[in-house]
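Below is one structure, written out as structure tokens, with a few remarks after it.
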Amino acid sequence: MEKKIAIITDIHGNYSALKAVLNEIDKDEKTEHIYCLGDLIGIGYETNEVLELLSSRADISFVMGNHDEAILDIIAGREPYSRGSEKVHHQWIAAHLDHKFIPFLTEIPVTLESIYNGKRLFFVHYHLSELNKFISVDKEPTEEKLDAFYQTSNADIVCFGHHHVIHHFKSMERLYLNPSSLGCNYKPLATYAVVTIGEHGDISVAFREVPYDNIEFLIGFNRLNVPDADYILKIFYGDQHLKFM
């Protein structure tokens, strides 16, 4: 019997985009589980709305993202990886996070593994160094580089996020998959992927885009005085808000 799972990542505090994607996933009764590959929060400001929705569901498994980690570090009094304006932004997010969600966030692991119809899947926010830290983004990934990095892995499918573009690399060793950011896009579209594994181990991947109304979300950055709002709106949303002004 075929197995179907959904992969979401990099929600980045965008509740409207998340709700649109989950509504779409829920329409397919054959989708038996959802894997979220980190960065639930940060960049977007709808922190508590996103965490309320995600923590209310039993059909989602999570791995830790760098933004999630930085915000937890700030709350715990540790020095985050972020510096300058990014750190100020993370401090603002941390200050507005409802502390009831801290246990939920702190229990999220760095990696997960699952098996469907004999295929091993490895889930991580991004590639990890030997010290278990996220490495710098490789903006020119290839099958050869990914195979070299995961040469000791027994995974058939490696699922990751962090880099906000689609990755779909298939080598002789394994499949590498990044569905792109659900919550950050230059268009009012929320992205995710569906992986179907047949009973004989055949694998198919579908990338999907769900339209949603992002007007109030974009306008809210300036209305709420989110730190670094102008930079965020330009870099992560392509200044879409300007058409509403």
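Scheme for the structure tokens: letters A, B, ... for chains in order shown; per-chain residue numbers from 1; ligand numbers from 1 in order shown.
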Spatial neighbours of range 43-53 of chain A, 10 Å, only C-alpha atoms, chain gap at least 3 places, as a VMD selection string: chain A and resid 10 to 19 22 39 to 40 56 to 57 67 86 89 to 90 92 to 94 96 to 102 104 to 105 183 to 184 217 to 218 220 to 221 224 226 to 229 232 to 233 236
DSSP-assigned helix (DSSP H, G or I) members of range 9-203 of chain A, reported as a PyMOL selection string: chain A and resi 15-26+47-55+66-75+84-96+99-106+143-149
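For the residues A:His33, A:Arg174, A:Arg83, A:His164, ranking by smallest atom-to-atom distance to Asp59 in chain A using only C-alpha atoms places A:His33 first.
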Can you pull out every residue from range 31-206 of chain A that DSSP, working from the backbone, puts in strand (DSSP E), and format the result as a ChimeraX atom specification? /A:31-36,60-62,111-116,119-124,157-159,167-170,175-178,189-197,203-206
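Using only C-alpha atoms, the contacts of Asn185 in chain A at a cut-off of 9 Å, with sequence neighbours closer than 4 positions omitted, comprise His164, Ser181, Leu189, Ala190, Thr191, Phe236, Tyr237 and Gly238 of chain A.
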Atom-to-atom span, CA of Tyr150 in chain A and CA of Ile71 in chain A, Å: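 Distance reported for this atom pair: 28.5 Å.
Shortest separation to Ile197 in chain A among A:Ile166, A:Ala155, A:Leu121, A:Ile219 occurs at residue A:Leu121, atoms counted being only C-alpha atoms.
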Using only C-alpha atoms, what table do you get, as a Markdown table, when you list each residue of range 23-114 of chain A with an atom no more than 12 Å from range 203-213 of chain A, its nearest pair of atoms, and their distance in Å rounded to one decimal, rows by chain then rising number?
| residue | atom | partner | partner_atom | distance |
| --- | --- | --- | --- | --- |
| A:Asn23 | CA | A:Val210 | CA | 9.6 |
| A:Glu24 | CA | A:Val210 | CA | 7.6 |
| A:Ile25 | CA | A:Val210 | CA | 10.1 |
Mind dumping the selected residues with N, CA and C atoms as a compact mmCIF listing (two decimals), in the first residue's frame?
# COMPACT_ATOMS: atom_id res chain seq x y z
N ASN A 23 -4.96 23.49 5.32
CA ASN A 23 -6.30 23.25 4.76
C ASN A 23 -6.22 22.43 3.48
N GLU A 24 -5.22 22.71 2.67
CA GLU A 24 -5.03 21.97 1.42
C GLU A 24 -4.62 20.52 1.70
N ILE A 25 -3.69 20.34 2.62
CA ILE A 25 -3.24 18.99 2.96
C ILE A 25 -4.39 18.16 3.52
Find the residue from A:Leu146, A:Val194, A:Ala6, A:Leu175 that sits nearest to Tyr126 in chain A; use only C-alpha atoms when measuring.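 Answer, going by the shortest atom-to-atom distance: A:Leu146.
Take CA of Asp239 in chain A and CA of Ala70 in chain A: the distance between them is 25.6 Å.
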Between A:Ala58, A:Cys159, A:Ile74, A:Val195, smallest distance to Thr111 in chain A by only C-alpha atoms belongs to A:Cys159
Pick from A:Ile60, A:Val165, A:Ala193, A:Val88: nearest to Gly42 in chain A, with only C-alpha atoms counted?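 Answer, going by the shortest atom-to-atom distance: A:Val88.
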